[in-house]
$ cat my_file_37.cif   # mmCIF, C-alpha atoms
data_start
#
loop_
_atom_site.label_atom_id
_atom_site.label_comp_id
_atom_site.auth_asym_id
_atom_site.auth_seq_id
_atom_site.Cartn_x
_atom_site.Cartn_y
_atom_site.Cartn_z
CA MET U 296 -27.30 4.03 -3.69
CA ILE U 297 -28.18 7.29 -1.97
CA ASP U 298 -27.49 10.94 -2.72
CA ALA U 299 -24.78 11.84 -0.23
CA SER U 300 -25.56 15.03 1.67
CA THR U 301 -22.94 17.74 1.79
CA PHE U 302 -22.74 17.12 5.54
CA LEU U 303 -21.95 13.44 4.98
CA ARG U 304 -19.36 14.17 2.33
CA ARG U 305 -17.62 16.70 4.57
CA ALA U 306 -17.65 14.31 7.54
CA LEU U 307 -16.11 11.61 5.36
CA LEU U 308 -13.53 14.04 3.99
CA ALA U 309 -12.53 15.20 7.48
CA ASP U 310 -12.14 11.56 8.52
CA ALA U 311 -10.01 10.88 5.43
CA VAL U 312 -7.74 13.87 6.13
CA PHE U 313 -7.16 13.01 9.79
CA SER U 314 -6.79 9.30 9.03
CA GLY U 315 -4.34 10.12 6.25
CA VAL U 316 -2.17 12.19 8.55
CA ALA U 317 -2.18 9.39 11.13
CA ALA U 318 -1.46 6.83 8.38
CA LEU U 319 1.63 8.69 7.24
CA GLY U 320 2.84 9.39 10.75
CA PHE U 321 2.40 5.85 12.02
CA SER U 322 3.65 4.18 8.83
CA PHE U 323 6.82 6.22 8.48
CA GLY U 324 7.41 7.35 12.06
CA ALA U 325 6.44 4.24 13.98
CA GLY U 326 9.82 4.04 15.72
CA ALA U 327 9.71 7.60 16.97
CA PHE U 328 6.08 7.34 18.07
CA ALA U 329 6.76 3.99 19.77
CA ALA U 330 9.45 5.62 21.89
CA MET U 331 7.32 8.71 22.56
CA PHE U 332 4.18 6.78 23.59
CA ASN U 333 5.72 3.54 24.89
CA LEU U 334 3.58 1.55 22.46
CA PRO U 335 4.75 -1.36 20.30
CA GLU U 336 6.34 -0.18 17.07
CA ALA U 337 4.70 -3.02 15.10
CA LEU U 338 1.25 -2.00 16.39
CA LEU U 339 1.78 1.58 15.27
CA ARG U 340 3.22 0.64 11.87
CA GLU U 341 0.45 -1.89 11.14
CA THR U 342 -2.15 0.65 12.22
CA GLY U 343 -0.60 3.17 9.84
CA LEU U 344 -0.63 0.70 6.96
CA PHE U 345 -4.28 -0.15 7.62
CA LEU U 346 -5.11 3.55 7.73
CA ILE U 347 -3.61 4.06 4.26
CA ALA U 348 -6.24 1.73 2.78
CA TYR U 349 -8.95 3.18 5.03
CA THR U 350 -8.06 6.72 3.98
CA ALA U 351 -8.32 5.76 0.32
CA LEU U 352 -11.77 4.24 0.84
CA VAL U 353 -13.16 7.10 2.91
CA GLY U 354 -11.63 9.72 0.63
CA TRP U 355 -13.18 7.99 -2.37
CA LEU U 356 -16.59 7.90 -0.65
CA ALA U 357 -16.26 11.61 0.19
CA SER U 358 -15.71 12.40 -3.49
CA ARG U 359 -18.90 10.67 -4.69
CA ALA U 360 -22.26 12.40 -5.14
CA THR U 361 -23.99 9.05 -4.70
CA VAL U 362 -22.76 6.34 -2.39
CA ALA U 363 -23.75 2.84 -1.37
CA LYS U 364 -25.53 3.26 1.95
CA PRO U 365 -24.26 -0.09 3.30
CA LEU U 366 -20.66 0.97 2.61
CA VAL U 367 -21.08 4.23 4.52
CA LEU U 368 -22.80 2.33 7.32
CA LEU U 369 -19.78 0.00 7.40
CA VAL U 370 -17.51 3.04 7.87
CA VAL U 371 -19.74 4.33 10.70
CA ILE U 372 -19.79 0.94 12.44
CA GLY U 373 -16.05 0.53 11.88
CA ASN U 374 -15.37 3.91 13.47
CA ALA U 375 -17.57 3.04 16.44
CA ALA U 376 -15.80 -0.31 16.82
CA TRP U 377 -12.39 1.40 16.57
CA THR U 378 -13.42 3.74 19.38
CA VAL U 379 -14.48 0.90 21.67
CA GLY U 380 -11.46 -1.20 20.68
CA SER U 381 -9.03 1.61 21.43
CA ILE U 382 -10.35 2.04 24.95
CA ALA U 383 -10.49 -1.73 25.44
CA LEU U 384 -6.82 -1.92 24.40
CA LEU U 385 -5.88 0.37 27.27
CA PHE U 386 -7.77 -1.77 29.79
CA SER U 387 -6.61 -5.10 28.34
CA GLY U 388 -3.09 -4.95 29.70
CA ALA U 389 -1.77 -5.96 26.27
CA VAL U 390 0.11 -2.65 26.08
CA SER U 391 1.67 -0.43 28.73
CA PRO U 392 1.72 3.07 27.28
CA ASN U 393 3.06 6.00 29.23
CA LEU U 394 0.80 8.95 30.04
CA ALA U 395 1.37 10.52 26.60
CA GLY U 396 0.47 7.20 24.98
CA GLU U 397 -2.70 6.86 27.03
CA LEU U 398 -3.72 10.41 26.14
CA MET U 399 -3.00 9.81 22.45
CA VAL U 400 -5.08 6.61 22.39
CA VAL U 401 -7.96 8.28 24.22
CA ALA U 402 -7.80 11.39 22.00
CA GLN U 403 -7.88 9.39 18.78
CA ALA U 404 -10.69 7.21 20.19
CA ILE U 405 -12.74 10.31 20.92
CA ALA U 406 -12.01 11.76 17.47
CA THR U 407 -12.97 8.49 15.80
CA GLY U 408 -16.19 8.37 17.82
CA VAL U 409 -17.00 11.92 16.76
CA PHE U 410 -16.43 10.96 13.11
CA ALA U 411 -18.78 7.99 13.54
CA GLU U 412 -21.46 10.25 14.96
CA LEU U 413 -21.03 12.95 12.30
CA GLN U 414 -21.10 10.36 9.53
CA PHE U 415 -24.23 8.79 10.98
CA TRP U 416 -25.93 12.21 11.08
CA GLY U 417 -24.78 12.84 7.53
CA LEU U 418 -26.20 9.52 6.45
CA ARG U 419 -29.56 10.45 7.99
CA LYS U 420 -29.47 13.81 6.17
CA SER U 421 -28.78 12.12 2.84
CA ALA U 422 -31.56 11.70 0.30
CA GLY U 423 -33.25 8.36 -0.21
CA VAL U 424 -32.50 5.64 -2.69
CA VAL U 425 -31.31 6.67 -6.14
CA ALA U 426 -31.96 4.51 -9.19
CA ALA U 427 -28.76 2.86 -10.35
#
$ encode --input "my_file_37.cif" --output "structure tokens"
Amino acid sequence: MIDASTFLRRALLADAVFSGVAALGFSFGAGAFAAMFNLPEALLRETGLFLIAYTALVGWLASRATVAKPLVLLVVIGNAAWTVGSIALLFSGAVSPNLAGELMVVAQAIATGVFAELQFWGLRKSAGVVAA
């Protein structure tokens, strides 16, 4: 366990807020977003459902004064992987989004990458190991 820096907690909280908004939008508005972005409705809905669980985890981590460093590192690595995976999705040919869809995927990939970086910095600013 480590003492979570204020910077780390705020980075996690910001991630939870933005992920929560996306979770609600994609879970309950998948049909509308599918039409708007020319992306598969199932992909958007499943992404939204995943983000509900992710939001709960990251929000919980943001609320803790001490956190398990490996768990935060998992969030950082997951965000970095999400960023790479989002861009790879566009190049894979598995989906054919319109321009708005491409811009949305790129924008959320950039945002997720920024969260990964901020959380990594926050992890580095956090105090060392705390006795359990």
$ closest_residue --input "my_file_37.cif" --among "U:Pro392, U:Gly373, U:Gly320, U:Gly417" --to "Arg340 of chain U" --atoms "all atoms listed in the file"
U:Gly320
$ closest_residue --input "my_file_37.cif" --among "U:Leu339, U:Gly408, U:Ala402, U:Leu368" --to "Gly326 of chain U" --atoms "all atoms listed in the file"
U:Leu339
$ atom_distance --input "my_file_37.cif" --atom1 "atom CA of Ala406 of chain U" --atom2 "atom CA of Met296 of chain U"
27.2 Å
$ resolve_selection --input "my_file_37.cif" --expression "the PyMOL selection byres ((chain U and resi 421) around 7)" --output "PyMOL selection string"
chain U and resi 297-300+417-420+422-423
$ resolve_selection --input "my_file_37.cif" --expression "the PyMOL selection byres ((chain U and resi 348-364) around 7)" --output "mmCIF file with C-alpha atoms, in the frame of the given file"
data_model
loop_
_atom_site.group_PDB
_atom_site.id
_atom_site.type_symbol
_atom_site.label_atom_id
_atom_site.label_comp_id
_atom_site.auth_asym_id
_atom_site.auth_seq_id
_atom_site.Cartn_x
_atom_site.Cartn_y
_atom_site.Cartn_z
ATOM 1 C CA MET U 296 -27.300 4.030 -3.690
ATOM 2 C CA ILE U 297 -28.180 7.290 -1.970
ATOM 3 C CA ASP U 298 -27.490 10.940 -2.720
ATOM 4 C CA ALA U 299 -24.780 11.840 -0.230
ATOM 5 C CA ARG U 304 -19.360 14.170 2.330
ATOM 6 C CA ARG U 305 -17.620 16.700 4.570
ATOM 7 C CA LEU U 307 -16.110 11.610 5.360
ATOM 8 C CA LEU U 308 -13.530 14.040 3.990
ATOM 9 C CA ALA U 311 -10.010 10.880 5.430
ATOM 10 C CA SER U 314 -6.790 9.300 9.030
ATOM 11 C CA GLY U 315 -4.340 10.120 6.250
ATOM 12 C CA PHE U 345 -4.280 -0.150 7.620
ATOM 13 C CA LEU U 346 -5.110 3.550 7.730
ATOM 14 C CA ILE U 347 -3.610 4.060 4.260
ATOM 15 C CA PRO U 365 -24.260 -0.090 3.300
ATOM 16 C CA LEU U 366 -20.660 0.970 2.610
ATOM 17 C CA VAL U 367 -21.080 4.230 4.520
ATOM 18 C CA LEU U 368 -22.800 2.330 7.320
#
$ residues_around --input "my_file_37.cif" --residues "Val371 of chain U" --least-positions-apart "5" --cutoff "7 Å" --atoms "only C-alpha atoms" --output "list in words"
Ala411, Gln414 and Phe415 of chain U
$ residues_around --input "my_file_37.cif" --residues "segment 321-325 of chain U" --least-positions-apart "6" --cutoff "8 Å" --atoms "all atoms listed in the file" --output "ChimeraX atom specification"
/U:336-337,339-344
$ atom_distance --input "my_file_37.cif" --atom1 "atom CA of Ala306 of chain U" --atom2 "atom CA of Ile372 of chain U"
14.4 Å
$ atom_distance --input "my_file_37.cif" --atom1 "atom CA of Phe386 of chain U" --atom2 "atom CA of Trp416 of chain U"
29.6 Å
$ resolve_selection --input "my_file_37.cif" --expression "the PyMOL selection byres ((chain U and resi 332) around 9)" --output "PDB file with C-alpha atoms, in the frame of the given file"
ATOM      1  CA  ALA U 327       9.710   7.600  16.970  1.00  0.00           C
ATOM      2  CA  PHE U 328       6.080   7.340  18.070  1.00  0.00           C
ATOM      3  CA  ALA U 329       6.760   3.990  19.770  1.00  0.00           C
ATOM      4  CA  ALA U 330       9.450   5.620  21.890  1.00  0.00           C
ATOM      5  CA  MET U 331       7.320   8.710  22.560  1.00  0.00           C
ATOM      6  CA  ASN U 333       5.720   3.540  24.890  1.00  0.00           C
ATOM      7  CA  LEU U 334       3.580   1.550  22.460  1.00  0.00           C
ATOM      8  CA  PRO U 335       4.750  -1.360  20.300  1.00  0.00           C
ATOM      9  CA  PRO U 392       1.720   3.070  27.280  1.00  0.00           C
ATOM     10  CA  ASN U 393       3.060   6.000  29.230  1.00  0.00           C
ATOM     11  CA  LEU U 394       0.800   8.950  30.040  1.00  0.00           C
ATOM     12  CA  ALA U 395       1.370  10.520  26.600  1.00  0.00           C
ATOM     13  CA  GLY U 396       0.470   7.200  24.980  1.00  0.00           C
ATOM     14  CA  GLU U 397      -2.700   6.860  27.030  1.00  0.00           C
ATOM     15  CA  MET U 399      -3.000   9.810  22.450  1.00  0.00           C
TER      16      MET U 399
END
$ closest_residue --input "my_file_37.cif" --among "U:Ala317, U:Val409, U:Ala404, U:Val312" --to "Thr378 of chain U" --atoms "only C-alpha atoms"
U:Ala404
$ closest_residue --input "my_file_37.cif" --among "U:Ile405, U:Val316, U:Leu398, U:Leu303" --to "Ala376 of chain U" --atoms "all atoms listed in the file"
U:Ile405
$ residues_around --input "my_file_37.cif" --residues "Val400 of chain U" --least-positions-apart "5" --cutoff "8 Å" --atoms "only C-alpha atoms" --output "PyMOL selection string"
chain U and resi 381-382+385
$ axis_aligned_box --input "my_file_37.cif" --around "segment 380-395 of chain U" --padding-each-side "6 Å" --output "lines of an AutoDock Vina configuration file"
center_x = -4.2
center_y = 2.3
center_z = 25.4
size_x = 26.5
size_y = 28.5
size_z = 21.4
$ decode --input "my_file_37.cif" --residues "segment 354-371 of chain U" --atoms "N, CA, C and O atoms" --output "PDB file, in the first residue's frame"
ATOM      1  N   GLY U 354     -13.181   5.208  -9.328  1.00  0.00           N
ATOM      2  CA  GLY U 354     -13.776   6.112  -8.338  1.00  0.00           C
ATOM      3  C   GLY U 354     -13.454   5.670  -6.922  1.00  0.00           C
ATOM      4  O   GLY U 354     -13.153   6.497  -6.050  1.00  0.00           O
ATOM      5  N   TRP U 355     -13.505   4.361  -6.687  1.00  0.00           N
ATOM      6  CA  TRP U 355     -13.160   3.831  -5.368  1.00  0.00           C
ATOM      7  C   TRP U 355     -11.695   4.117  -5.044  1.00  0.00           C
ATOM      8  O   TRP U 355     -11.371   4.558  -3.935  1.00  0.00           O
ATOM      9  N   LEU U 356     -10.804   3.888  -6.007  1.00  0.00           N
ATOM     10  CA  LEU U 356      -9.379   4.180  -5.783  1.00  0.00           C
ATOM     11  C   LEU U 356      -9.170   5.662  -5.474  1.00  0.00           C
ATOM     12  O   LEU U 356      -8.371   6.013  -4.614  1.00  0.00           O
ATOM     13  N   ALA U 357      -9.899   6.528  -6.188  1.00  0.00           N
ATOM     14  CA  ALA U 357      -9.756   7.976  -5.979  1.00  0.00           C
ATOM     15  C   ALA U 357     -10.188   8.384  -4.579  1.00  0.00           C
ATOM     16  O   ALA U 357      -9.707   9.390  -4.048  1.00  0.00           O
ATOM     17  N   SER U 358     -11.056   7.617  -3.969  1.00  0.00           N
ATOM     18  CA  SER U 358     -11.578   7.970  -2.638  1.00  0.00           C
ATOM     19  C   SER U 358     -10.711   7.463  -1.497  1.00  0.00           C
ATOM     20  O   SER U 358     -10.983   7.771  -0.340  1.00  0.00           O
ATOM     21  N   ARG U 359      -9.662   6.709  -1.785  1.00  0.00           N
ATOM     22  CA  ARG U 359      -8.822   6.103  -0.756  1.00  0.00           C
ATOM     23  C   ARG U 359      -7.592   6.954  -0.484  1.00  0.00           C
ATOM     24  O   ARG U 359      -6.957   7.451  -1.420  1.00  0.00           O
ATOM     25  N   ALA U 360      -7.226   7.071   0.776  1.00  0.00           N
ATOM     26  CA  ALA U 360      -5.987   7.772   1.149  1.00  0.00           C
ATOM     27  C   ALA U 360      -4.778   6.884   0.884  1.00  0.00           C
ATOM     28  O   ALA U 360      -3.701   7.365   0.538  1.00  0.00           O
ATOM     29  N   THR U 361      -4.961   5.589   1.049  1.00  0.00           N
ATOM     30  CA  THR U 361      -3.903   4.632   0.722  1.00  0.00           C
ATOM     31  C   THR U 361      -4.453   3.664  -0.316  1.00  0.00           C
ATOM     32  O   THR U 361      -5.621   3.279  -0.266  1.00  0.00           O
ATOM     33  N   VAL U 362      -3.610   3.314  -1.259  1.00  0.00           N
ATOM     34  CA  VAL U 362      -4.031   2.426  -2.343  1.00  0.00           C
ATOM     35  C   VAL U 362      -2.965   1.370  -2.585  1.00  0.00           C
ATOM     36  O   VAL U 362      -1.794   1.554  -2.258  1.00  0.00           O
ATOM     37  N   ALA U 363      -3.385   0.276  -3.180  1.00  0.00           N
ATOM     38  CA  ALA U 363      -2.442  -0.757  -3.591  1.00  0.00           C
ATOM     39  C   ALA U 363      -1.752  -0.284  -4.871  1.00  0.00           C
ATOM     40  O   ALA U 363      -2.410  -0.057  -5.890  1.00  0.00           O
ATOM     41  N   LYS U 364      -0.448  -0.112  -4.792  1.00  0.00           N
ATOM     42  CA  LYS U 364       0.302   0.380  -5.947  1.00  0.00           C
ATOM     43  C   LYS U 364       0.086  -0.492  -7.184  1.00  0.00           C
ATOM     44  O   LYS U 364      -0.108   0.044  -8.281  1.00  0.00           O
ATOM     45  N   PRO U 365       0.088  -1.830  -7.063  1.00  0.00           N
ATOM     46  CA  PRO U 365      -0.130  -2.642  -8.255  1.00  0.00           C
ATOM     47  C   PRO U 365      -1.499  -2.401  -8.905  1.00  0.00           C
ATOM     48  O   PRO U 365      -1.624  -2.478 -10.131  1.00  0.00           O
ATOM     49  N   LEU U 366      -2.495  -2.092  -8.114  1.00  0.00           N
ATOM     50  CA  LEU U 366      -3.829  -1.832  -8.660  1.00  0.00           C
ATOM     51  C   LEU U 366      -3.842  -0.525  -9.458  1.00  0.00           C
ATOM     52  O   LEU U 366      -4.423  -0.458 -10.548  1.00  0.00           O
ATOM     53  N   VAL U 367      -3.185   0.493  -8.932  1.00  0.00           N
ATOM     54  CA  VAL U 367      -3.099   1.761  -9.667  1.00  0.00           C
ATOM     55  C   VAL U 367      -2.264   1.559 -10.935  1.00  0.00           C
ATOM     56  O   VAL U 367      -2.612   2.080 -12.003  1.00  0.00           O
ATOM     57  N   LEU U 368      -1.197   0.799 -10.833  1.00  0.00           N
ATOM     58  CA  LEU U 368      -0.378   0.518 -12.005  1.00  0.00           C
ATOM     59  C   LEU U 368      -1.185  -0.233 -13.065  1.00  0.00           C
ATOM     60  O   LEU U 368      -1.035   0.031 -14.265  1.00  0.00           O
ATOM     61  N   LEU U 369      -2.072  -1.106 -12.630  1.00  0.00           N
ATOM     62  CA  LEU U 369      -2.960  -1.812 -13.558  1.00  0.00           C
ATOM     63  C   LEU U 369      -3.866  -0.826 -14.287  1.00  0.00           C
ATOM     64  O   LEU U 369      -4.090  -0.955 -15.503  1.00  0.00           O
ATOM     65  N   VAL U 370      -4.378   0.173 -13.587  1.00  0.00           N
ATOM     66  CA  VAL U 370      -5.217   1.206 -14.206  1.00  0.00           C
ATOM     67  C   VAL U 370      -4.396   1.987 -15.234  1.00  0.00           C
ATOM     68  O   VAL U 370      -4.857   2.234 -16.358  1.00  0.00           O
ATOM     69  N   VAL U 371      -3.171   2.356 -14.881  1.00  0.00           N
ATOM     70  CA  VAL U 371      -2.300   3.106 -15.794  1.00  0.00           C
ATOM     71  C   VAL U 371      -2.029   2.283 -17.054  1.00  0.00           C
ATOM     72  O   VAL U 371      -2.171   2.776 -18.182  1.00  0.00           O
TER      73      VAL U 371
END
